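Here's upload_12.json, which has JSON, C-alpha atoms (C1' of nucleotides):
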```json
[["chain", "number", "residue", "atom", "x", "y", "z"],
["A", 10, "MET", "CA", -213.85, -81.28, -48.30],
["A", 11, "PRO", "CA", -214.23, -84.99, -48.57],
["A", 12, "LYS", "CA", -211.77, -87.31, -46.97],
["A", 13, "SER", "CA", -210.85, -85.26, -43.94],
["A", 14, "VAL", "CA", -207.54, -83.69, -44.76],
["A", 15, "THR", "CA", -205.31, -82.14, -42.16],
["A", 16, "ARG", "CA", -203.61, -79.19, -43.74],
["A", 17, "SER", "CA", -200.08, -78.29, -42.91],
["A", 18, "HIS", "CA", -198.97, -74.72, -43.16],
["A", 19, "SER", "CA", -195.50, -73.33, -43.27],
["A", 20, "ARG", "CA", -194.46, -70.87, -40.63],
["A", 21, "TYR", "CA", -194.26, -68.10, -43.20],
["A", 22, "THR", "CA", -197.85, -68.69, -44.27],
["A", 23, "LYS", "CA", -199.10, -68.57, -40.71],
["A", 24, "GLU", "CA", -197.16, -65.41, -39.98],
["A", 25, "ALA", "CA", -198.44, -63.70, -43.10],
["A", 26, "VAL", "CA", -202.05, -64.41, -42.15],
["A", 27, "THR", "CA", -201.35, -63.38, -38.57],
["A", 28, "LEU", "CA", -199.83, -60.10, -39.66],
["A", 29, "LEU", "CA", -202.81, -59.30, -41.85],
["A", 30, "SER", "CA", -205.20, -60.12, -39.02],
["A", 31, "ARG", "CA", -203.35, -57.80, -36.66],
["A", 32, "LEU", "CA", -203.29, -55.02, -39.23],
["A", 33, "ILE", "CA", -207.02, -55.42, -39.67],
["A", 34, "ARG", "CA", -207.76, -55.23, -35.97],
["A", 35, "VAL", "CA", -205.53, -52.20, -35.48],
["A", 36, "ALA", "CA", -207.08, -50.44, -38.45],
["A", 37, "ARG", "CA", -210.58, -51.10, -37.18],
["A", 38, "ILE", "CA", -209.91, -49.79, -33.69],
["A", 39, "GLU", "CA", -207.99, -46.79, -35.00],
["A", 40, "ARG", "CA", -210.87, -45.87, -37.24],
["A", 41, "ASN", "CA", -213.25, -46.25, -34.35],
["A", 42, "LEU", "CA", -215.41, -48.79, -36.08],
["A", 43, "THR", "CA", -217.49, -51.43, -34.34],
["A", 44, "ALA", "CA", -217.04, -55.06, -35.27],
["A", 45, "GLN", "CA", -220.68, -55.09, -36.28],
["A", 46, "GLU", "CA", -220.22, -52.08, -38.54],
["A", 47, "VAL", "CA", -217.21, -53.51, -40.35],
["A", 48, "ALA", "CA", -218.93, -56.88, -40.70],
["A", 49, "GLU", "CA", -222.00, -55.32, -42.28],
["A", 50, "ARG", "CA", -220.00, -53.17, -44.65],
["A", 51, "SER", "CA", -217.97, -56.22, -45.64],
["A", 52, "CYS", "CA", -221.04, -58.39, -46.14],
["A", 53, "ILE", "CA", -219.92, -60.92, -43.54],
["A", 54, "SER", "CA", -221.14, -61.93, -40.10],
["A", 55, "ARG", "CA", -219.64, -60.64, -36.91],
["A", 56, "SER", "CA", -218.41, -64.11, -35.97],
["A", 57, "MET", "CA", -216.63, -64.25, -39.31],
["A", 58, "LEU", "CA", -214.85, -60.98, -38.58],
["A", 59, "GLN", "CA", -213.85, -62.37, -35.21],
["A", 60, "ARG", "CA", -212.14, -65.31, -36.90],
["A", 61, "ILE", "CA", -210.47, -63.03, -39.40],
["A", 62, "GLU", "CA", -209.10, -60.84, -36.62],
["A", 63, "LYS", "CA", -207.83, -63.99, -34.92],
["A", 64, "GLY", "CA", -205.91, -65.00, -38.02],
["A", 65, "ASP", "CA", -207.92, -68.10, -38.91],
["A", 66, "LEU", "CA", -206.27, -69.75, -41.90],
["A", 67, "LYS", "CA", -209.53, -71.18, -43.22],
["A", 68, "CYS", "CA", -211.35, -67.96, -43.94],
["A", 69, "GLU", "CA", -212.17, -67.12, -47.52],
["A", 70, "ILE", "CA", -209.47, -64.96, -49.03],
["A", 71, "GLY", "CA", -212.15, -62.81, -50.62],
["A", 72, "ALA", "CA", -213.70, -62.07, -47.24],
["A", 73, "VAL", "CA", -210.37, -61.28, -45.60],
["A", 74, "PHE", "CA", -209.25, -59.01, -48.42],
["A", 75, "GLU", "CA", -212.62, -57.29, -48.49],
["A", 76, "VAL", "CA", -212.35, -56.40, -44.82],
["A", 77, "ALA", "CA", -208.84, -55.13, -45.39],
["A", 78, "THR", "CA", -210.07, -53.06, -48.32],
["A", 79, "ILE", "CA", -212.96, -51.62, -46.33],
["A", 80, "LEU", "CA", -210.49, -50.58, -43.64],
["A", 81, "GLY", "CA", -208.17, -48.97, -46.17],
["A", 82, "ILE", "CA", -205.32, -51.44, -45.88],
["A", 83, "ASN", "CA", -203.23, -51.60, -49.02],
["A", 84, "LEU", "CA", -202.64, -55.06, -50.44],
["A", 85, "PHE", "CA", -199.45, -55.83, -52.35],
["A", 86, "ASN", "CA", -198.32, -52.24, -51.95],
["A", 87, "ALA", "CA", -200.88, -51.06, -54.44],
["A", 88, "GLU", "CA", -202.80, -47.99, -53.44],
["A", 89, "GLN", "CA", -206.51, -48.37, -53.69],
["A", 90, "SER", "CA", -207.15, -45.23, -55.64],
["A", 91, "SER", "CA", -204.55, -45.79, -58.29],
["A", 92, "PHE", "CA", -204.07, -48.01, -61.28],
["A", 93, "THR", "CA", -201.03, -49.81, -59.95],
["A", 94, "MET", "CA", -202.99, -52.97, -59.23],
["A", 95, "ALA", "CA", -204.40, -53.23, -62.74],
["A", 96, "LYS", "CA", -201.00, -52.43, -64.15],
["A", 97, "ASN", "CA", -199.36, -55.15, -62.10],
["A", 98, "ILE", "CA", -201.94, -57.63, -63.32],
["A", 99, "ARG", "CA", -201.30, -56.71, -66.92],
["A", 100, "GLN", "CA", -197.56, -56.94, -66.50],
["A", 101, "THR", "CA", -197.83, -60.34, -64.89],
["A", 102, "GLU", "CA", -200.14, -61.60, -67.62],
["A", 103, "GLU", "CA", -197.67, -60.34, -70.17],
["A", 104, "ARG", "CA", -194.93, -62.37, -68.54],
["A", 105, "LEU", "CA", -197.23, -65.36, -68.72],
["A", 106, "THR", "CA", -197.53, -65.17, -72.48],
["A", 107, "LEU", "CA", -193.79, -65.54, -72.77],
["A", 108, "LEU", "CA", -193.82, -68.80, -70.85],
["A", 109, "PRO", "CA", -194.77, -72.29, -72.06],
["A", 110, "GLN", "CA", -198.38, -73.20, -71.41],
["A", 111, "LYS", "CA", -197.59, -76.61, -70.00],
["A", 112, "VAL", "CA", -194.84, -77.89, -67.78],
["A", 113, "ARG", "CA", -193.29, -81.00, -69.20],
["A", 114, "LYS", "CA", -191.03, -83.16, -67.12],
["A", 115, "LYS", "CA", -188.04, -84.58, -68.86],
["A", 116, "THR", "CA", -188.26, -88.32, -69.24],
["A", 117, "LYS", "CA", -184.55, -88.65, -69.74],
["A", 118, "VAL", "CA", -182.00, -87.08, -67.48],
["A", 119, "ILE", "CA", -180.14, -84.54, -69.49],
["A", 120, "ASN", "CA", -176.47, -84.50, -68.89],
["A", 121, "ASP", "CA", -176.37, -81.16, -67.27],
["A", 122, "ASP", "CA", -173.16, -82.00, -65.55],
["A", 123, "PHE", "CA", -171.12, -78.87, -65.36],
["B", 5, "MET", "CA", -223.39, -71.07, -44.37],
["B", 6, "PRO", "CA", -227.01, -70.74, -43.46],
["B", 7, "LYS", "CA", -229.22, -68.22, -45.17],
["B", 8, "SER", "CA", -227.62, -68.17, -48.57],
["B", 9, "VAL", "CA", -225.62, -64.98, -48.65],
["B", 10, "THR", "CA", -224.45, -63.37, -51.82],
["B", 11, "ARG", "CA", -221.14, -61.73, -51.16],
["B", 12, "SER", "CA", -220.22, -58.47, -52.76],
["B", 13, "HIS", "CA", -216.60, -57.69, -53.34],
["B", 14, "SER", "CA", -215.00, -54.38, -54.11],
["B", 15, "ARG", "CA", -213.03, -54.01, -57.28],
["B", 16, "TYR", "CA", -209.83, -53.64, -55.30],
["B", 17, "THR", "CA", -210.41, -56.94, -53.51],
["B", 18, "LYS", "CA", -211.03, -58.77, -56.75],
["B", 19, "GLU", "CA", -207.94, -57.27, -58.35],
["B", 20, "ALA", "CA", -205.75, -58.14, -55.39],
["B", 21, "VAL", "CA", -206.81, -61.78, -55.53],
["B", 22, "THR", "CA", -206.45, -61.81, -59.30],
["B", 23, "LEU", "CA", -202.94, -60.41, -59.08],
["B", 24, "LEU", "CA", -201.91, -63.03, -56.55],
["B", 25, "SER", "CA", -203.36, -65.78, -58.72],
["B", 26, "ARG", "CA", -201.40, -64.55, -61.73],
["B", 27, "LEU", "CA", -198.22, -64.30, -59.72],
["B", 28, "ILE", "CA", -198.73, -67.87, -58.55],
["B", 29, "ARG", "CA", -199.25, -69.23, -62.04],
["B", 30, "VAL", "CA", -196.25, -67.39, -63.42],
["B", 31, "ALA", "CA", -194.06, -68.58, -60.58],
["B", 32, "ARG", "CA", -195.15, -72.17, -61.04],
["B", 33, "ILE", "CA", -194.45, -72.20, -64.77],
["B", 34, "GLU", "CA", -191.17, -70.36, -64.35],
["B", 35, "ARG", "CA", -190.00, -72.89, -61.79],
["B", 36, "ASN", "CA", -191.06, -75.67, -64.12],
["B", 37, "LEU", "CA", -193.37, -77.28, -61.62],
["B", 38, "THR", "CA", -196.40, -79.36, -62.47],
["B", 39, "ALA", "CA", -199.76, -78.45, -61.01],
["B", 40, "GLN", "CA", -199.80, -81.85, -59.39],
["B", 41, "GLU", "CA", -196.40, -81.28, -57.82],
["B", 42, "VAL", "CA", -197.29, -77.91, -56.36],
["B", 43, "ALA", "CA", -200.62, -79.24, -55.12],
["B", 44, "GLU", "CA", -198.97, -82.11, -53.29],
["B", 45, "ARG", "CA", -196.29, -79.95, -51.75],
["B", 46, "SER", "CA", -198.97, -77.49, -50.65],
["B", 47, "CYS", "CA", -201.19, -80.22, -49.21],
["B", 48, "ILE", "CA", -204.10, -79.34, -51.47],
["B", 49, "SER", "CA", -205.81, -81.04, -54.39],
["B", 50, "ARG", "CA", -205.08, -80.26, -57.99],
["B", 51, "SER", "CA", -208.58, -78.92, -58.51],
["B", 52, "MET", "CA", -207.99, -76.57, -55.61],
["B", 53, "LEU", "CA", -204.84, -75.25, -57.22],
["B", 54, "GLN", "CA", -206.79, -74.73, -60.41],
["B", 55, "ARG", "CA", -209.24, -72.51, -58.57],
["B", 56, "ILE", "CA", -206.45, -70.63, -56.87],
["B", 57, "GLU", "CA", -204.75, -69.96, -60.20],
["B", 58, "LYS", "CA", -208.08, -68.73, -61.54],
["B", 59, "GLY", "CA", -208.39, -66.23, -58.70],
["B", 60, "ASP", "CA", -211.38, -67.77, -56.97],
["B", 61, "LEU", "CA", -212.35, -65.49, -54.09],
["B", 62, "LYS", "CA", -213.71, -68.33, -51.97],
["B", 63, "CYS", "CA", -210.50, -70.28, -51.48],
["B", 64, "GLU", "CA", -209.07, -70.54, -48.00],
["B", 65, "ILE", "CA", -206.52, -67.83, -47.41],
["B", 66, "GLY", "CA", -204.25, -70.39, -45.75],
["B", 67, "ALA", "CA", -204.23, -72.54, -48.86],
["B", 68, "VAL", "CA", -203.57, -69.62, -51.20],
["B", 69, "PHE", "CA", -200.77, -68.24, -49.05],
["B", 70, "GLU", "CA", -199.26, -71.68, -48.66],
["B", 71, "VAL", "CA", -199.05, -72.13, -52.42],
["B", 72, "ALA", "CA", -197.49, -68.70, -52.72],
["B", 73, "THR", "CA", -194.99, -69.58, -50.02],
["B", 74, "ILE", "CA", -194.10, -72.89, -51.66],
["B", 75, "LEU", "CA", -193.44, -71.00, -54.88],
["B", 76, "GLY", "CA", -191.26, -68.43, -53.15],
["B", 77, "ILE", "CA", -193.59, -65.49, -53.53],
["B", 78, "ASN", "CA", -193.06, -62.86, -50.85],
["B", 79, "LEU", "CA", -196.15, -61.75, -48.98],
["B", 80, "PHE", "CA", -196.39, -58.22, -47.63],
["B", 81, "ASN", "CA", -192.87, -57.50, -48.82],
["B", 82, "ALA", "CA", -191.40, -59.73, -46.13],
["B", 83, "GLU", "CA", -188.67, -62.06, -47.29],
["B", 84, "GLN", "CA", -189.23, -65.61, -46.24],
["B", 85, "SER", "CA", -185.82, -66.16, -44.74],
["B", 86, "SER", "CA", -185.75, -63.04, -42.61],
["B", 87, "PHE", "CA", -187.34, -61.83, -39.42],
["B", 88, "THR", "CA", -189.21, -58.94, -40.98],
["B", 89, "MET", "CA", -192.55, -60.73, -40.77],
["B", 90, "ALA", "CA", -192.22, -61.49, -37.07],
["B", 91, "LYS", "CA", -190.99, -57.98, -36.46],
["B", 92, "ASN", "CA", -193.96, -56.50, -38.28],
["B", 93, "ILE", "CA", -196.30, -58.62, -36.21],
["B", 94, "ARG", "CA", -194.71, -57.45, -32.99],
["B", 95, "GLN", "CA", -194.82, -53.82, -34.02],
["B", 96, "THR", "CA", -198.47, -54.10, -34.96],
["B", 97, "GLU", "CA", -199.32, -55.80, -31.68],
["B", 98, "GLU", "CA", -197.51, -53.04, -29.86],
["B", 99, "ARG", "CA", -199.65, -50.45, -31.58],
["B", 100, "LEU", "CA", -202.66, -52.44, -30.51],
["B", 101, "THR", "CA", -201.81, -52.13, -26.83],
["B", 102, "LEU", "CA", -201.93, -48.37, -27.14],
["B", 103, "LEU", "CA", -205.48, -48.45, -28.46],
["B", 104, "PRO", "CA", -208.73, -48.90, -26.54],
["B", 105, "GLN", "CA", -209.91, -52.49, -26.46],
["B", 106, "LYS", "CA", -213.46, -51.68, -27.37],
["B", 107, "VAL", "CA", -214.99, -49.20, -29.72],
["B", 108, "ARG", "CA", -217.74, -47.24, -28.13],
["B", 109, "LYS", "CA", -220.13, -45.54, -30.50],
["B", 110, "LYS", "CA", -222.90, -43.60, -28.83],
["B", 111, "THR", "CA", -221.44, -40.31, -27.72],
["B", 112, "LYS", "CA", -224.68, -39.47, -26.06],
["B", 113, "VAL", "CA", -225.89, -35.93, -26.18],
["B", 114, "ILE", "CA", -224.75, -34.43, -22.94],
["B", 115, "ASN", "CA", -227.08, -32.73, -20.52],
["B", 116, "ASP", "CA", -229.27, -30.54, -22.67],
["B", 117, "ASP", "CA", -231.53, -29.76, -19.76],
["B", 118, "PHE", "CA", -229.92, -26.44, -19.26],
["C", 8, "DG", "C1'", -219.87, -46.34, -8.97],
["C", 9, "DG", "C1'", -223.53, -47.34, -12.36],
["C", 10, "DT", "C1'", -225.14, -48.16, -17.03],
["C", 11, "DT", "C1'", -224.79, -50.34, -21.10],
["C", 12, "DA", "C1'", -222.94, -51.18, -25.46],
["C", 13, "DA", "C1'", -219.26, -54.05, -27.36],
["C", 14, "DC", "C1'", -216.91, -58.13, -27.28],
["C", 15, "DG", "C1'", -215.57, -63.20, -26.86],
["C", 16, "DG", "C1'", -217.18, -67.59, -26.75],
["C", 17, "DT", "C1'", -220.26, -70.70, -27.44],
["C", 18, "DT", "C1'", -224.10, -73.72, -30.19],
["C", 19, "DT", "C1'", -226.83, -75.08, -34.26],
["C", 20, "DA", "C1'", -228.63, -75.65, -38.94],
["C", 21, "DT", "C1'", -227.36, -75.49, -43.52],
["C", 22, "DA", "C1'", -225.19, -73.88, -47.75],
["C", 23, "DT", "C1'", -221.11, -75.00, -49.91],
["C", 24, "DA", "C1'", -216.08, -75.47, -50.56],
["C", 25, "DT", "C1'", -213.13, -79.21, -51.19],
["C", 26, "DG", "C1'", -210.94, -83.74, -52.53],
["C", 27, "DA", "C1'", -211.27, -87.36, -55.63],
["C", 28, "DG", "C1'", -212.26, -89.05, -59.92],
["C", 29, "DT", "C1'", -213.10, -89.00, -65.03],
["C", 30, "DC", "C1'", -212.53, -87.50, -69.75],
["C", 31, "DA", "C1'", -211.24, -84.82, -73.87],
["C", 32, "DT", "C1'", -207.89, -81.86, -75.67],
["C", 33, "DC", "C1'", -203.54, -80.22, -76.67],
["C", 34, "DA", "C1'", -198.92, -78.61, -76.00],
["C", 35, "DT", "C1'", -194.38, -80.41, -75.65],
["C", 36, "DG", "C1'", -190.11, -83.09, -75.95],
["C", 37, "DT", "C1'", -188.31, -86.57, -78.61],
["D", 16, "DA", "C1'", -194.73, -86.28, -86.88],
["D", 17, "DC", "C1'", -195.81, -88.79, -82.83],
["D", 18, "DA", "C1'", -196.63, -90.26, -78.31],
["D", 19, "DT", "C1'", -197.98, -88.80, -73.95],
["D", 20, "DG", "C1'", -198.05, -86.28, -69.97],
["D", 21, "DA", "C1'", -200.23, -81.93, -68.44],
["D", 22, "DT", "C1'", -204.13, -79.32, -68.21],
["D", 23, "DG", "C1'", -209.06, -77.67, -68.11],
["D", 24, "DA", "C1'", -213.60, -78.70, -67.36],
["D", 25, "DC", "C1'", -216.62, -81.17, -65.59],
["D", 26, "DT", "C1'", -219.29, -84.43, -61.67],
["D", 27, "DC", "C1'", -220.22, -86.10, -57.02],
["D", 28, "DA", "C1'", -220.10, -87.13, -52.00],
["D", 29, "DT", "C1'", -219.10, -85.14, -47.76],
["D", 30, "DA", "C1'", -216.56, -82.61, -44.35],
["D", 31, "DT", "C1'", -217.00, -78.17, -42.78],
["D", 32, "DA", "C1'", -217.12, -73.12, -42.98],
["D", 33, "DT", "C1'", -220.54, -69.85, -42.22],
["D", 34, "DA", "C1'", -224.67, -66.94, -40.51],
["D", 35, "DA", "C1'", -227.61, -66.41, -36.85],
["D", 36, "DA", "C1'", -228.71, -66.55, -32.21],
["D", 37, "DC", "C1'", -227.69, -66.39, -27.45],
["D", 38, "DC", "C1'", -225.20, -65.32, -23.09],
["D", 39, "DG", "C1'", -221.77, -63.87, -19.65],
["D", 40, "DT", "C1'", -218.14, -60.66, -19.17],
["D", 41, "DT", "C1'", -215.96, -56.48, -19.62],
["D", 42, "DA", "C1'", -214.58, -52.03, -20.78],
["D", 43, "DA", "C1'", -215.98, -47.26, -21.89],
["D", 44, "DC", "C1'", -218.47, -43.26, -20.92],
["D", 45, "DC", "C1'", -221.43, -40.90, -17.76]]
```
What does the file become when written as structure tokens?
Amino acid sequence: MPKSVTRSHSRYTKEAVTLLSRLIRVARIERNLTAQEVAERSCISRSMLQRIEKGDLKCEIGAVFEVATILGINLFNAEQSSFTMAKNIRQTEERLTLLPQKVRKKTKVINDDF
Amino acid sequence: MPKSVTRSHSRYTKEAVTLLSRLIRVARIERNLTAQEVAERSCISRSMLQRIEKGDLKCEIGAVFEVATILGINLFNAEQSSFTMAKNIRQTEERLTLLPQKVRKKTKVINDDF
DNA sequence: GGTTAACGGTTTATATATGAGTCATCATGT
DNA sequence: ACATGATGACTCATATATAAACCGTTAACC
């Protein structure tokens, strides 16, 4: 990250990350798994898991989702042992083909009055 | 990141990130927003948004969620204008208070000195 | 109460993610 | 058909996220 940039996050974003972090911590304790164990199985360090469980916004999404997956937390309401995720991806990609490939801003203001 | 670490990701993790990236791209096109516009409103660079829309696992979760939020995508089935997210957080934290704070592993073999 | 493993909070070195910039291509609105 | 703005695919410098190590505290089991 060149040119130090202070990120601003909407409240909704922060809450979403916070919720996921809490779900992760609860799931880990409930399953009686040590932080070290979960970290190793998720291929991350223990300090990384600590930040994830604290709801750090700067963690890699892949790492956070991997921990959630290891702990059996369903993402986007798609069960892990089903094909719903793949199906959702296909459906979304299908919608994409129906859309224009580029977004073009109108140079002229169209009279869209009424 | 010291000691170059190659991360391994489960299929489910990859698909979850991929799905979110597709949802983001579809939402952006549907709302007729330029990549540059969305990037600016999300406080990230255009190249960052490119990686997010490609489903890069190494993007910051805060950045990805922020883009999703800007585009009106609901995370964890919680509508952005409601209190469901905060309520879910509270409920999860409440569950946490009922759990032990540490996970203890070694259930040592009890006195076998008959 | 005593033992000890688990946890939180540091620090440090380094691999790398990110922002900024450039360029070629092409889809899109006129 | 044409002009051009949007996009993808790079490169590069650097701010920083991360793994590893350590330590003091604390909670869990005996």
Item to complete: Would you list the contacts of DA36 of chain D as a count of residues only, taking every protein, DNA or RNA residue within 12 Å and counting all atoms listed in the file, but skipping same-chain residues closer than 2 positions in sequence?
Response: 9
Inset, instruction - Considering only C-alpha atoms (C1' of nucleotides), return as a PyMOL selection string whatever protein or nucleic-acid residues lie within 10 Å of DA21 of chain D, sequence-local ones (same chain, fewer than 5 positions apart) excluded. - result: (chain A and resi 110-114) or (chain B and resi 38-40) or (chain C and resi 33-35)
Using only C-alpha atoms and a distance of at most 6 Å, pull out the residues of chain B that contact chain A, as a PyMOL selection string. chain B and resi 17+23+30+36+38+61-66+69-70+93+100+107
_Please return as a list in words every residue within 9 Å of (-224.0, -67.4, -42.5), taking into account only C-alpha atoms (C1' of nucleotides) and the file's own coordinates._
Ile53, Ser54 and Met57 of chain A; Met5, Pro6, Lys7, Ser8 and Val9 of chain B; DT21 and DA22 of chain C; DA32, DT33, DA34 and DA35 of chain D
Over every C-alpha pair, in sequence order, do a least-squares fit of chain A onto chain B and save the fitted chain as an mmCIF file with C-alpha atoms, in the coordinates of the input.
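Contents of the output file part-v4.cif:
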```cif
data_model
loop_
_atom_site.group_PDB
_atom_site.id
_atom_site.type_symbol
_atom_site.label_atom_id
_atom_site.label_comp_id
_atom_site.auth_asym_id
_atom_site.auth_seq_id
_atom_site.Cartn_x
_atom_site.Cartn_y
_atom_site.Cartn_z
ATOM 1 C CA MET A 10 -222.793 -72.253 -44.098
ATOM 2 C CA PRO A 11 -226.377 -72.540 -43.074
ATOM 3 C CA LYS A 12 -228.985 -70.264 -44.493
ATOM 4 C CA SER A 13 -227.566 -69.761 -47.952
ATOM 5 C CA VAL A 14 -225.898 -66.399 -47.871
ATOM 6 C CA THR A 15 -224.899 -64.534 -50.979
ATOM 7 C CA ARG A 16 -221.716 -62.695 -50.222
ATOM 8 C CA SER A 17 -221.026 -59.310 -51.646
ATOM 9 C CA HIS A 18 -217.485 -58.232 -52.229
ATOM 10 C CA SER A 19 -216.132 -54.797 -52.824
ATOM 11 C CA ARG A 20 -214.237 -54.132 -55.997
ATOM 12 C CA TYR A 21 -211.025 -53.655 -54.054
ATOM 13 C CA THR A 22 -211.365 -57.074 -52.449
ATOM 14 C CA LYS A 23 -211.922 -58.760 -55.780
ATOM 15 C CA GLU A 24 -208.980 -56.974 -57.342
ATOM 16 C CA ALA A 25 -206.689 -57.881 -54.474
ATOM 17 C CA VAL A 26 -207.535 -61.570 -54.810
ATOM 18 C CA THR A 27 -207.221 -61.338 -58.580
ATOM 19 C CA LEU A 28 -203.807 -59.744 -58.341
ATOM 20 C CA LEU A 29 -202.572 -62.439 -55.990
ATOM 21 C CA SER A 30 -203.900 -65.150 -58.287
ATOM 22 C CA ARG A 31 -202.096 -63.645 -61.262
ATOM 23 C CA LEU A 32 -198.873 -63.307 -59.303
ATOM 24 C CA ILE A 33 -199.146 -66.946 -58.330
ATOM 25 C CA ARG A 34 -199.666 -68.145 -61.875
ATOM 26 C CA VAL A 35 -196.809 -66.040 -63.215
ATOM 27 C CA ALA A 36 -194.495 -67.233 -60.469
ATOM 28 C CA ARG A 37 -195.355 -70.854 -61.139
ATOM 29 C CA ILE A 38 -194.748 -70.645 -64.872
ATOM 30 C CA GLU A 39 -191.570 -68.622 -64.415
ATOM 31 C CA ARG A 40 -190.209 -71.214 -62.051
ATOM 32 C CA ASN A 41 -191.117 -73.930 -64.492
ATOM 33 C CA LEU A 42 -193.255 -75.818 -62.049
ATOM 34 C CA THR A 43 -196.162 -78.059 -62.973
ATOM 35 C CA ALA A 44 -199.549 -77.441 -61.426
ATOM 36 C CA GLN A 45 -199.349 -80.926 -59.981
ATOM 37 C CA GLU A 46 -195.965 -80.233 -58.418
ATOM 38 C CA VAL A 47 -197.047 -76.999 -56.759
ATOM 39 C CA ALA A 48 -200.270 -78.611 -55.554
ATOM 40 C CA GLU A 49 -198.406 -81.483 -53.932
ATOM 41 C CA ARG A 50 -195.858 -79.236 -52.289
ATOM 42 C CA SER A 51 -198.679 -77.052 -50.993
ATOM 43 C CA CYS A 52 -200.683 -80.003 -49.704
ATOM 44 C CA ILE A 53 -203.677 -79.178 -51.888
ATOM 45 C CA SER A 54 -205.320 -80.802 -54.889
ATOM 46 C CA ARG A 55 -204.683 -79.731 -58.430
ATOM 47 C CA SER A 56 -208.281 -78.576 -58.831
ATOM 48 C CA MET A 57 -207.791 -76.391 -55.777
ATOM 49 C CA LEU A 58 -204.739 -74.766 -57.340
ATOM 50 C CA GLN A 59 -206.762 -74.173 -60.478
ATOM 51 C CA ARG A 60 -209.337 -72.221 -58.481
ATOM 52 C CA ILE A 61 -206.633 -70.287 -56.696
ATOM 53 C CA GLU A 62 -205.033 -69.308 -59.995
ATOM 54 C CA LYS A 63 -208.463 -68.213 -61.203
ATOM 55 C CA GLY A 64 -208.874 -65.906 -58.232
ATOM 56 C CA ASP A 65 -211.726 -67.742 -56.517
ATOM 57 C CA LEU A 66 -212.784 -65.707 -53.496
ATOM 58 C CA LYS A 67 -213.902 -68.754 -51.528
ATOM 59 C CA CYS A 68 -210.587 -70.519 -51.219
ATOM 60 C CA GLU A 69 -209.065 -70.898 -47.793
ATOM 61 C CA ILE A 70 -206.679 -68.064 -47.078
ATOM 62 C CA GLY A 71 -204.238 -70.557 -45.608
ATOM 63 C CA ALA A 72 -204.150 -72.528 -48.846
ATOM 64 C CA VAL A 73 -203.722 -69.441 -51.011
ATOM 65 C CA PHE A 74 -200.961 -68.012 -48.844
ATOM 66 C CA GLU A 75 -199.229 -71.373 -48.684
ATOM 67 C CA VAL A 76 -199.065 -71.576 -52.461
ATOM 68 C CA ALA A 77 -197.742 -68.042 -52.591
ATOM 69 C CA THR A 78 -195.134 -68.928 -49.984
ATOM 70 C CA ILE A 79 -194.078 -72.066 -51.835
ATOM 71 C CA LEU A 80 -193.600 -69.967 -54.963
ATOM 72 C CA GLY A 81 -191.554 -67.374 -53.101
ATOM 73 C CA ILE A 82 -194.059 -64.545 -53.266
ATOM 74 C CA ASN A 83 -193.630 -62.077 -50.441
ATOM 75 C CA LEU A 84 -196.757 -61.262 -48.467
ATOM 76 C CA PHE A 85 -197.174 -57.848 -46.860
ATOM 77 C CA ASN A 86 -193.739 -56.831 -48.081
ATOM 78 C CA ALA A 87 -192.077 -59.078 -45.564
ATOM 79 C CA GLU A 88 -189.240 -61.154 -46.887
ATOM 80 C CA GLN A 89 -189.530 -64.798 -46.106
ATOM 81 C CA SER A 90 -186.067 -65.237 -44.732
ATOM 82 C CA SER A 91 -186.130 -62.318 -42.371
ATOM 83 C CA PHE A 92 -187.736 -61.435 -39.094
ATOM 84 C CA THR A 93 -189.787 -58.558 -40.423
ATOM 85 C CA MET A 94 -193.008 -60.544 -40.270
ATOM 86 C CA ALA A 95 -192.573 -61.501 -36.627
ATOM 87 C CA LYS A 96 -191.548 -57.964 -35.835
ATOM 88 C CA ASN A 97 -194.627 -56.552 -37.512
ATOM 89 C CA ILE A 98 -196.802 -58.922 -35.524
ATOM 90 C CA ARG A 99 -195.211 -57.852 -32.278
ATOM 91 C CA GLN A 100 -195.552 -54.190 -33.111
ATOM 92 C CA THR A 101 -199.196 -54.607 -33.990
ATOM 93 C CA GLU A 102 -199.885 -56.539 -30.801
ATOM 94 C CA GLU A 103 -198.179 -53.790 -28.871
ATOM 95 C CA ARG A 104 -200.511 -51.244 -30.410
ATOM 96 C CA LEU A 105 -203.389 -53.458 -29.371
ATOM 97 C CA THR A 106 -202.474 -53.289 -25.711
ATOM 98 C CA LEU A 107 -202.816 -49.537 -25.826
ATOM 99 C CA LEU A 108 -206.385 -49.757 -27.064
ATOM 100 C CA PRO A 109 -209.567 -50.496 -25.095
ATOM 101 C CA GLN A 110 -210.552 -54.145 -25.100
ATOM 102 C CA LYS A 111 -214.177 -53.485 -25.916
ATOM 103 C CA VAL A 112 -215.886 -51.015 -28.175
ATOM 104 C CA ARG A 113 -218.678 -49.253 -26.388
ATOM 105 C CA LYS A 114 -221.220 -47.237 -28.280
ATOM 106 C CA LYS A 115 -222.305 -44.032 -26.688
ATOM 107 C CA THR A 116 -225.900 -44.147 -25.571
ATOM 108 C CA LYS A 117 -226.161 -40.399 -25.486
ATOM 109 C CA VAL A 118 -225.080 -38.175 -28.308
ATOM 110 C CA ILE A 119 -222.218 -36.117 -27.073
ATOM 111 C CA ASN A 120 -222.328 -32.552 -28.125
ATOM 112 C CA ASP A 121 -219.364 -32.705 -30.357
ATOM 113 C CA ASP A 122 -220.550 -29.723 -32.272
ATOM 114 C CA PHE A 123 -217.534 -27.770 -33.315
#
```
Between atom CA of Glu41 of chain B and atom C1' of DT32 of chain C lies a distance of 21.2 Å
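Residue nearest chain B, chosen from C:DT37, C:DA27, C:DG15, C:DG8 and counting only C-alpha atoms (C1' of nucleotides): C:DA27.
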Students should find that atom CA of Lys58 of chain B and atom CA of Glu44 of chain B are spaced 18.2 Å
Min atom-atom distance to chain B from the set D:DT40, D:DC45, D:DA18, D:DA30, counting only C-alpha atoms (C1' of nucleotides), belongs to D:DC45
